[in-house]
$ cat data06.txt   # compact mmCIF, C-alpha atoms
# COMPACT_ATOMS: atom_id res chain seq x y z
CA MET A 210 15.86 -15.71 29.96
CA ARG A 211 15.91 -14.30 26.46
CA ARG A 212 13.51 -15.98 24.06
CA ARG A 213 15.23 -17.71 21.17
CA GLN A 214 14.54 -16.15 17.80
CA ARG A 215 12.67 -18.34 15.36
CA GLY A 216 13.82 -17.89 11.79
CA ARG A 217 16.78 -16.09 10.29
CA ASN A 218 17.48 -12.40 9.86
CA VAL A 219 16.25 -11.31 6.44
CA ASN A 220 16.26 -7.63 5.48
CA GLY A 221 14.61 -6.08 2.47
CA ILE A 222 11.38 -5.73 0.52
CA LEU A 223 9.73 -8.27 -1.74
CA VAL A 224 6.86 -7.24 -3.99
CA ILE A 225 4.31 -10.00 -4.55
CA ASP A 226 1.68 -10.20 -7.28
CA LYS A 227 -1.10 -11.33 -4.95
CA PRO A 228 -3.45 -13.93 -6.47
CA GLN A 229 -7.22 -13.85 -6.07
CA GLY A 230 -9.01 -15.79 -3.35
CA VAL A 231 -6.41 -15.57 -0.58
CA THR A 232 -5.85 -13.03 2.18
CA SER A 233 -2.84 -10.73 2.30
CA ASN A 234 -1.85 -12.23 5.64
CA GLY A 235 -2.07 -15.71 4.16
CA ILE A 236 0.37 -14.68 1.43
CA LEU A 237 2.64 -13.03 3.99
CA GLN A 238 2.85 -16.17 6.12
CA GLN A 239 3.48 -18.34 3.06
CA VAL A 240 6.32 -16.15 1.79
CA LYS A 241 7.76 -15.72 5.28
CA ARG A 242 8.05 -19.50 5.53
CA LEU A 243 9.69 -19.74 2.11
CA PHE A 244 12.38 -17.29 3.27
CA GLY A 245 12.62 -18.78 6.76
CA ALA A 246 12.42 -15.18 7.98
CA ALA A 247 12.19 -14.19 11.63
CA LYS A 248 10.29 -10.95 11.04
CA ALA A 249 8.00 -9.84 8.23
CA GLY A 250 4.90 -7.73 7.60
CA HIS A 251 2.82 -6.34 4.77
CA THR A 252 2.00 -2.70 4.04
CA GLY A 253 -1.77 -2.70 3.78
CA ALA A 254 -4.11 -5.58 3.09
CA LEU A 255 -5.83 -6.36 -0.18
CA ASP A 256 -9.26 -8.02 -0.12
CA PRO A 257 -9.30 -11.72 -1.06
CA LEU A 258 -11.04 -10.72 -4.31
CA ALA A 259 -8.21 -8.33 -5.22
CA THR A 260 -4.96 -9.13 -6.98
CA GLY A 261 -1.76 -7.25 -7.70
CA VAL A 262 0.98 -5.31 -5.96
CA LEU A 263 1.53 -6.35 -2.34
CA PRO A 264 4.88 -5.19 -0.87
CA LEU A 265 6.18 -7.37 1.96
CA CYS A 266 8.77 -6.02 4.41
CA PHE A 267 11.39 -8.19 6.09
CA GLY A 268 13.55 -7.36 9.10
CA GLU A 269 14.86 -3.79 9.09
CA ALA A 270 12.51 -2.81 6.25
CA THR A 271 9.52 -3.20 8.59
CA LYS A 272 10.60 0.08 10.22
CA PHE A 273 9.31 1.88 7.13
CA SER A 274 6.03 0.00 6.71
CA GLN A 275 3.89 2.85 8.04
CA LEU A 276 5.33 5.29 5.50
CA MET A 277 4.66 2.71 2.79
CA LEU A 278 1.11 2.29 4.05
CA ASP A 279 0.61 6.05 3.73
CA SER A 280 1.67 6.13 0.07
CA ASP A 281 -0.56 6.67 -2.98
CA LYS A 282 -2.09 3.64 -4.69
CA ALA A 283 -3.36 2.79 -8.19
CA TYR A 284 -5.87 0.19 -9.34
CA VAL A 285 -7.73 -1.18 -12.33
CA THR A 286 -11.26 -2.31 -11.48
CA THR A 287 -14.37 -3.68 -13.14
CA ALA A 288 -17.74 -2.43 -11.91
CA ARG A 289 -20.93 -4.43 -12.49
CA LEU A 290 -23.81 -1.97 -12.86
CA GLY A 291 -27.37 -2.57 -11.71
CA VAL A 292 -26.54 -4.80 -8.73
CA ARG A 293 -25.59 -3.84 -5.18
CA THR A 294 -24.12 -6.35 -2.73
CA GLU A 295 -23.60 -6.42 1.04
CA THR A 296 -19.85 -6.08 0.75
CA GLY A 297 -19.64 -3.86 -2.34
CA ASP A 298 -17.97 -6.67 -4.29
CA SER A 299 -18.93 -9.99 -5.86
CA ASP A 300 -18.09 -11.90 -2.66
CA GLY A 301 -21.18 -10.46 -0.96
CA ALA A 302 -24.86 -11.35 -1.16
CA VAL A 303 -27.03 -9.32 -3.54
CA VAL A 304 -29.12 -6.70 -1.71
CA SER A 305 -30.77 -4.91 -4.64
CA GLU A 306 -31.09 -4.98 -8.42
CA ARG A 307 -32.13 -2.12 -10.70
CA PRO A 308 -32.25 -1.68 -14.45
CA VAL A 309 -29.17 -0.12 -16.04
CA PRO A 310 -30.01 2.96 -18.09
CA ALA A 311 -28.72 3.31 -21.63
CA LEU A 312 -25.28 4.85 -21.09
CA THR A 313 -22.87 6.60 -23.40
CA GLU A 314 -19.21 7.22 -22.66
CA ALA A 315 -19.99 10.94 -22.47
CA ALA A 316 -22.69 10.32 -19.85
CA VAL A 317 -20.36 8.14 -17.78
CA GLU A 318 -17.54 10.68 -18.05
CA SER A 319 -19.88 13.38 -16.77
CA VAL A 320 -20.57 11.30 -13.65
CA LEU A 321 -16.92 10.30 -13.16
CA ASP A 322 -15.93 13.94 -13.16
CA ARG A 323 -17.81 14.40 -9.87
CA PHE A 324 -15.45 11.94 -8.22
CA ARG A 325 -12.15 13.37 -9.43
CA GLY A 326 -9.99 15.44 -7.10
CA ASP A 327 -10.75 15.94 -3.39
CA ILE A 328 -13.88 14.07 -2.29
CA GLN A 329 -15.52 12.84 0.90
CA GLN A 330 -15.95 9.08 1.21
CA VAL A 331 -17.83 6.99 3.76
CA PRO A 332 -15.84 3.79 4.45
CA SER A 333 -17.51 0.43 3.83
CA MET A 334 -18.87 -1.51 6.78
CA TYR A 335 -16.78 -4.38 5.40
CA SER A 336 -13.51 -2.48 5.82
CA ALA A 337 -10.77 -3.18 8.35
CA LEU A 338 -11.19 0.22 10.01
CA LYS A 339 -11.61 -0.21 13.73
CA HIS A 340 -14.46 0.90 16.00
CA LYS A 341 -13.92 0.42 19.75
CA GLY A 342 -10.98 -1.84 19.01
CA ARG A 343 -12.78 -4.12 16.55
CA PRO A 344 -12.68 -4.02 12.74
CA LEU A 345 -15.87 -2.83 11.10
CA TYR A 346 -16.30 -6.07 9.15
CA GLU A 347 -16.84 -7.96 12.41
CA TYR A 348 -19.79 -5.71 13.24
CA ALA A 349 -21.10 -6.09 9.68
CA ARG A 350 -21.02 -9.89 9.93
CA GLU A 351 -23.08 -9.61 13.13
CA GLY A 352 -25.63 -7.42 11.36
CA VAL A 353 -24.63 -4.31 13.34
CA GLU A 354 -24.42 -0.99 11.48
CA VAL A 355 -21.86 1.47 12.86
CA GLU A 356 -22.03 5.15 11.98
CA ARG A 357 -18.96 6.09 9.91
CA PRO A 358 -18.08 9.72 9.32
CA ALA A 359 -17.06 10.65 5.79
CA ARG A 360 -13.31 11.01 5.32
CA PRO A 361 -11.40 13.18 2.85
CA VAL A 362 -9.54 11.33 0.07
CA THR A 363 -8.10 12.47 -3.23
CA ILE A 364 -8.73 10.76 -6.55
CA HIS A 365 -5.74 11.78 -8.65
CA GLU A 366 -6.98 9.91 -11.71
CA LEU A 367 -10.28 8.28 -12.61
CA LYS A 368 -10.20 7.02 -16.17
CA LEU A 369 -12.87 5.14 -18.09
CA LEU A 370 -11.12 2.26 -19.83
CA ALA A 371 -14.15 0.49 -21.27
CA LEU A 372 -17.97 0.55 -21.24
CA ARG A 373 -19.53 -2.83 -22.01
CA GLY A 374 -23.28 -2.97 -21.49
CA ASN A 375 -23.64 -3.29 -17.73
CA GLU A 376 -19.91 -3.18 -16.95
CA LEU A 377 -17.33 -0.42 -16.56
CA ASP A 378 -13.56 -0.82 -16.50
CA LEU A 379 -11.89 2.00 -14.56
CA ALA A 380 -8.32 3.03 -13.74
CA VAL A 381 -7.97 4.78 -10.38
CA ALA A 382 -5.00 6.57 -8.80
CA CYS A 383 -5.71 7.76 -5.26
CA THR A 384 -4.43 8.65 -1.82
CA LYS A 385 -4.22 6.26 1.12
CA GLY A 386 -7.47 5.23 2.73
CA THR A 387 -9.49 5.24 -0.48
CA TYR A 388 -11.91 2.33 -0.72
CA ILE A 389 -12.43 1.30 -4.33
CA ARG A 390 -15.55 -0.67 -3.39
CA SER A 391 -17.09 2.46 -1.89
CA LEU A 392 -16.02 4.53 -4.89
CA VAL A 393 -17.66 2.06 -7.29
CA GLU A 394 -20.83 1.95 -5.17
CA ASP A 395 -21.04 5.75 -5.17
CA ILE A 396 -20.47 5.92 -8.93
CA GLY A 397 -23.23 3.34 -9.40
CA GLU A 398 -25.64 5.41 -7.33
CA ALA A 399 -24.75 8.53 -9.30
CA LEU A 400 -25.56 6.58 -12.50
CA GLY A 401 -28.92 5.68 -10.99
CA CYS A 402 -28.56 1.92 -10.89
CA GLY A 403 -26.06 0.92 -8.19
CA ALA A 404 -22.89 -1.10 -8.75
CA HIS A 405 -20.38 -3.46 -7.18
CA VAL A 406 -16.78 -4.52 -7.85
CA THR A 407 -16.26 -7.78 -9.75
CA ALA A 408 -12.50 -7.44 -10.31
CA LEU A 409 -9.81 -5.35 -8.65
CA ARG A 410 -6.10 -5.29 -9.45
CA ARG A 411 -3.64 -3.04 -7.63
CA THR A 412 -1.04 -1.73 -10.06
CA LEU A 413 0.91 0.62 -7.75
CA ALA A 414 1.72 0.72 -4.04
CA SER A 415 4.63 2.36 -2.19
CA GLY A 416 6.17 3.32 -5.55
CA TYR A 417 6.29 -0.33 -6.68
CA THR A 418 4.47 -1.57 -9.78
CA LEU A 419 3.55 -4.93 -11.27
CA ALA A 420 6.93 -4.88 -13.05
CA ASP A 421 8.54 -5.29 -9.59
CA ALA A 422 6.24 -8.12 -8.50
CA HIS A 423 6.85 -11.87 -8.19
CA ARG A 424 4.35 -14.72 -8.16
CA VAL A 425 4.34 -17.02 -5.15
CA GLU A 426 4.39 -20.11 -7.36
CA ASP A 427 7.65 -18.88 -8.92
CA LEU A 428 9.18 -18.52 -5.45
CA GLU A 429 8.10 -22.03 -4.59
CA ALA A 430 9.66 -23.34 -7.81
CA MET A 431 12.95 -21.62 -6.97
CA ARG A 432 13.00 -23.18 -3.51
CA ALA A 433 12.20 -26.59 -4.99
CA ARG A 434 15.28 -26.22 -7.22
CA GLY A 435 17.39 -25.31 -4.19
CA GLU A 436 17.85 -21.68 -5.30
CA SER A 437 18.16 -18.81 -2.82
CA LEU A 438 15.38 -16.23 -2.77
CA ASP A 439 17.45 -13.52 -1.10
CA GLY A 440 18.59 -12.06 -4.42
CA LEU A 441 14.98 -11.04 -5.15
CA LEU A 442 14.87 -8.67 -2.18
CA LEU A 443 14.90 -4.93 -2.78
CA ALA A 444 16.82 -2.65 -0.44
CA PRO A 445 14.74 -0.91 2.26
CA ASP A 446 15.50 2.56 0.89
CA THR A 447 13.73 1.78 -2.40
CA ALA A 448 10.49 2.32 -0.46
CA LEU A 449 11.58 5.87 0.41
CA SER A 450 12.32 7.16 -3.08
CA MET A 451 9.76 9.95 -2.59
CA PHE A 452 12.14 11.59 -0.10
CA PRO A 453 15.36 13.48 -0.95
CA GLU A 454 18.81 12.08 -0.23
CA LEU A 455 21.15 13.37 2.47
CA ARG A 456 24.74 12.22 3.10
CA LEU A 457 26.72 12.64 6.30
CA ARG A 458 30.23 11.60 7.31
CA ASP A 459 32.51 11.38 10.32
CA GLY A 460 31.32 12.94 13.57
CA ALA A 461 27.90 14.05 12.28
CA LEU A 462 27.13 10.55 11.05
CA LEU A 463 28.36 8.96 14.29
CA SER A 464 26.11 11.25 16.33
CA ILE A 465 23.08 10.27 14.23
CA LEU A 466 23.96 6.59 14.64
CA ASN A 467 24.01 7.17 18.40
CA GLY A 468 20.48 8.57 18.21
CA GLN A 469 21.52 12.22 18.58
CA GLN A 470 20.39 15.12 16.43
CA VAL A 471 23.05 17.21 14.70
CA ARG A 472 23.31 20.66 13.16
CA ILE A 473 25.11 20.86 9.84
CA PRO A 474 25.81 23.66 7.37
CA GLY A 475 22.65 24.57 5.47
CA GLN A 476 21.37 21.92 3.09
CA PRO A 477 18.54 22.25 0.52
CA VAL A 478 16.57 19.61 2.45
CA GLU A 479 13.46 19.98 4.58
CA GLY A 480 11.28 17.27 6.07
CA PHE A 481 11.97 13.56 5.79
CA ALA A 482 15.12 12.46 3.96
CA ARG A 483 16.98 9.23 3.18
CA LEU A 484 20.28 9.29 5.05
CA TYR A 485 23.45 7.66 3.69
CA GLY A 486 26.98 7.40 4.95
CA GLU A 487 29.75 7.35 2.40
CA HIS A 488 28.03 4.54 0.51
CA ASP A 489 25.34 2.70 2.44
CA PHE A 490 21.81 3.54 3.53
CA VAL A 491 21.60 4.51 7.21
CA GLY A 492 17.91 5.27 7.71
CA LEU A 493 15.24 7.94 7.71
CA VAL A 494 15.90 11.34 9.23
CA GLU A 495 13.98 14.62 9.41
CA ALA A 496 15.62 17.92 8.47
CA PHE A 497 14.70 21.34 9.87
CA PRO A 498 16.32 24.41 8.24
CA GLU A 499 17.44 26.92 10.90
CA GLY A 500 19.01 29.90 9.21
CA GLU A 501 22.46 29.00 7.92
CA ARG A 502 22.33 25.55 9.48
CA THR A 503 20.04 22.53 9.23
CA ARG A 504 19.03 20.44 12.22
CA VAL A 505 18.90 16.72 11.39
CA VAL A 506 16.94 14.38 13.67
CA PRO A 507 17.10 10.55 13.39
CA ARG A 508 13.69 8.91 12.96
CA ARG A 509 14.16 5.33 11.75
CA LEU A 510 17.68 3.89 11.57
CA VAL A 511 18.56 0.48 10.19
CA LYS A 512 20.38 -1.81 12.60
CA GLY A 513 24.14 -1.45 12.53
CA GLY A 514 23.91 1.92 10.79
CA SER A 515 24.03 0.46 7.32
CA GLY A 516 21.46 -1.09 5.05
CA ARG A 517 21.87 -2.87 1.75
CA GLU A 518 22.85 -0.97 -1.33
CA SER A 519 19.82 0.50 -3.07
CA ARG A 520 18.71 -1.70 -5.96
CA ARG A 521 15.68 -1.99 -8.22
CA PRO A 522 15.20 -4.60 -10.94
$ encode --input "data06.txt" --output "structure tokens"
Amino acid sequence: MRRRQRGRNVNGILVIDKPQGVTSNGILQQVKRLFGAAKAGHTGALDPLATGVLPLCFGEATKFSQLMLDSDKAYVTTARLGVRTETGDSDGAVVSERPVPALTEAAVESVLDRFRGDIQQVPSMYSALKHKGRPLYEYAREGVEVERPARPVTIHELKLLALRGNELDLAVACTKGTYIRSLVEDIGEALGCGAHVTALRRTLASGYTLADAHRVEDLEAMRARGESLDGLLLAPDTALSMFPELRLRDGALLSILNGQQVRIPGQPVEGFARLYGEHDFVGLVEAFPEGERTRVVPRRLVKGGSGRESRRP
């Protein structure tokens, strides 16, 4: 007997400005209830301390959540110098304190330059990375230290915004998998005094910025007034703007919708692409140039072969 679906079909992406002090999953469940949605997920958790851009996927948009998770991110953070904590942020217990040397902006810039570009980073023990099926933070809470190999990440931008006594304000643009807490800790060690994060705000994720984001309290106020929230949803293809567009019609489109690959006259497209029919979004495909023709393979198709029209605020 087929299990009855709880909630209604909602498709699209909603960007939330996550508040401090709550988990990403807590926000997800709260917003999912507000929409009465059957299926929803987020695209990478923010620590309870952190605020800012948190894209939530509903329905068909969840098919693209992994690609969104793999996208570049940007943050603004405040580092408290001279104090190290268990967790690398102000939520953790203090483990050491050292005097902060007299610092100039030039001296700080010299240290920051070591962390720009391609670097190796050891993930925090308080991260959600898994070891033998369990997240590292569970081991950390039990007092167990797990060896973590350094991983390559890229720091596209590391900008000093302000230097105030024992605090630094930094803007960071980076690849997936970068831990800002670990970055701040490493910068603190390079400055000779240690450091931890006291504030963290994500300003970019999956191509979305704070300008796209909504506050949960505003959603609750809309519901209280009896207003629909569906008009706030962004189309699933807005999360794939980093990929080129490809349009197919007639038999080629029908074959793709049936899950079959097709060969079409050569197109200036290689790799992942957003596929459209005559008007609507169909899904994600992968293109392989083969001489005068291009082989197109379906990867993630939206149900019914058509998504919502692409729209950004």
$ closest_residue --input "data06.txt" --among "A:Leu278, A:Leu392, A:Val304, A:Ala399" --to "Glu318 of chain A" --atoms "all atoms listed in the file"
A:Ala399
$ atom_distance --input "data06.txt" --atom1 "atom CA of Asp427 of chain A" --atom2 "atom CA of Lys241 of chain A"
14.5 Å
$ residues_around --input "data06.txt" --residues "Leu237 of chain A" --least-positions-apart "4" --cutoff "12 Å" --atoms "all atoms listed in the file" --output "VMD selection string"
chain A and resid 222 to 227 231 to 233 241 to 246 248 to 255 263 to 267 425
$ write_last_selection --input "data06.txt" --atoms "C-alpha atoms" --output "mmCIF file, in the frame of the given file"
data_model
loop_
_atom_site.group_PDB
_atom_site.id
_atom_site.type_symbol
_atom_site.label_atom_id
_atom_site.label_comp_id
_atom_site.auth_asym_id
_atom_site.auth_seq_id
_atom_site.Cartn_x
_atom_site.Cartn_y
_atom_site.Cartn_z
ATOM 1 C CA ILE A 222 11.380 -5.730 0.520
ATOM 2 C CA LEU A 223 9.730 -8.270 -1.740
ATOM 3 C CA VAL A 224 6.860 -7.240 -3.990
ATOM 4 C CA ILE A 225 4.310 -10.000 -4.550
ATOM 5 C CA ASP A 226 1.680 -10.200 -7.280
ATOM 6 C CA LYS A 227 -1.100 -11.330 -4.950
ATOM 7 C CA VAL A 231 -6.410 -15.570 -0.580
ATOM 8 C CA THR A 232 -5.850 -13.030 2.180
ATOM 9 C CA SER A 233 -2.840 -10.730 2.300
ATOM 10 C CA LYS A 241 7.760 -15.720 5.280
ATOM 11 C CA ARG A 242 8.050 -19.500 5.530
ATOM 12 C CA LEU A 243 9.690 -19.740 2.110
ATOM 13 C CA PHE A 244 12.380 -17.290 3.270
ATOM 14 C CA GLY A 245 12.620 -18.780 6.760
ATOM 15 C CA ALA A 246 12.420 -15.180 7.980
ATOM 16 C CA LYS A 248 10.290 -10.950 11.040
ATOM 17 C CA ALA A 249 8.000 -9.840 8.230
ATOM 18 C CA GLY A 250 4.900 -7.730 7.600
ATOM 19 C CA HIS A 251 2.820 -6.340 4.770
ATOM 20 C CA THR A 252 2.000 -2.700 4.040
ATOM 21 C CA GLY A 253 -1.770 -2.700 3.780
ATOM 22 C CA ALA A 254 -4.110 -5.580 3.090
ATOM 23 C CA LEU A 255 -5.830 -6.360 -0.180
ATOM 24 C CA LEU A 263 1.530 -6.350 -2.340
ATOM 25 C CA PRO A 264 4.880 -5.190 -0.870
ATOM 26 C CA LEU A 265 6.180 -7.370 1.960
ATOM 27 C CA CYS A 266 8.770 -6.020 4.410
ATOM 28 C CA PHE A 267 11.390 -8.190 6.090
ATOM 29 C CA VAL A 425 4.340 -17.020 -5.150
#
$ closest_residue --input "data06.txt" --among "A:Arg424, A:Lys341, A:Arg508, A:Arg432" --to "Ile465 of chain A" --atoms "all atoms listed in the file"
A:Arg508
$ closest_residue --input "data06.txt" --among "A:Leu463, A:Val478, A:Leu443, A:Ala408" --to "Ala270 of chain A" --atoms "only C-alpha atoms"
A:Leu443
$ residues_near_point --input "data06.txt" --point "(-13.6, 4.3, 3.9)" --cutoff "8 Å" --atoms "only C-alpha atoms" --output "ChimeraX atom specification"
/A:330-333,336,338,359-360,386-388,391
$ atom_distance --input "data06.txt" --atom1 "atom CA of Arg509 of chain A" --atom2 "atom CA of Met451 of chain A"
15.7 Å
$ residues_around --input "data06.txt" --residues "segment 480-484 of chain A" --least-positions-apart "6" --cutoff "7 Å" --atoms "all atoms listed in the file" --output "mmCIF file with C-alpha atoms, in the coordinates of the input"
data_model
loop_
_atom_site.group_PDB
_atom_site.id
_atom_site.type_symbol
_atom_site.label_atom_id
_atom_site.label_comp_id
_atom_site.auth_asym_id
_atom_site.auth_seq_id
_atom_site.Cartn_x
_atom_site.Cartn_y
_atom_site.Cartn_z
ATOM 1 C CA LEU A 449 11.580 5.870 0.410
ATOM 2 C CA PHE A 452 12.140 11.590 -0.100
ATOM 3 C CA PRO A 453 15.360 13.480 -0.950
ATOM 4 C CA GLU A 454 18.810 12.080 -0.230
ATOM 5 C CA LEU A 455 21.150 13.370 2.470
ATOM 6 C CA ARG A 456 24.740 12.220 3.100
ATOM 7 C CA PHE A 490 21.810 3.540 3.530
ATOM 8 C CA VAL A 491 21.600 4.510 7.210
ATOM 9 C CA GLY A 492 17.910 5.270 7.710
ATOM 10 C CA LEU A 493 15.240 7.940 7.710
ATOM 11 C CA VAL A 494 15.900 11.340 9.230
ATOM 12 C CA GLU A 495 13.980 14.620 9.410
ATOM 13 C CA ALA A 496 15.620 17.920 8.470
ATOM 14 C CA PHE A 497 14.700 21.340 9.870
#
$ residues_near_point --input "data06.txt" --point "(-26.8, 1.1, -13.8)" --cutoff "6 Å" --atoms "only C-alpha atoms" --output "MDAnalysis selection string"
chainID A and resid 290:291 309:310 400:403
$ atom_distance --input "data06.txt" --atom1 "atom CA of Ala371 of chain A" --atom2 "atom CA of Glu398 of chain A"
18.7 Å
$ residues_around --input "data06.txt" --residues "segment 416-420 of chain A" --least-positions-apart "2" --cutoff "7 Å" --atoms "all atoms listed in the file" --output "JSON, numbers by chain"
{"A": [226, 261, 262, 412, 413, 414, 422, 448]}
$ closest_residue --input "data06.txt" --among "A:Asn467, A:Gln329, A:Thr384, A:Thr503" --to "Tyr284 of chain A" --atoms "only C-alpha atoms"
A:Thr384
$ residues_around --input "data06.txt" --residues "Val303 of chain A" --least-positions-apart "3" --cutoff "7 Å" --atoms "all atoms listed in the file" --output "list in words"
Val292, Arg293, Thr294 and Glu295 of chain A
$ closest_residue --input "data06.txt" --among "A:Thr271, A:Ser305, A:Thr287, A:Asn220" --to "Gly440 of chain A" --atoms "only C-alpha atoms"
A:Asn220
$ residues_around --input "data06.txt" --residues "Val381 of chain A" --least-positions-apart "3" --cutoff "8 Å" --atoms "all atoms listed in the file" --output "PyMOL selection string"
chain A and resi 283-286+364-368
$ closest_residue --input "data06.txt" --among "A:Asp459, A:Asp256, A:Asp446, A:Asp327" --to "Gln229 of chain A" --atoms "all atoms listed in the file"
A:Asp256
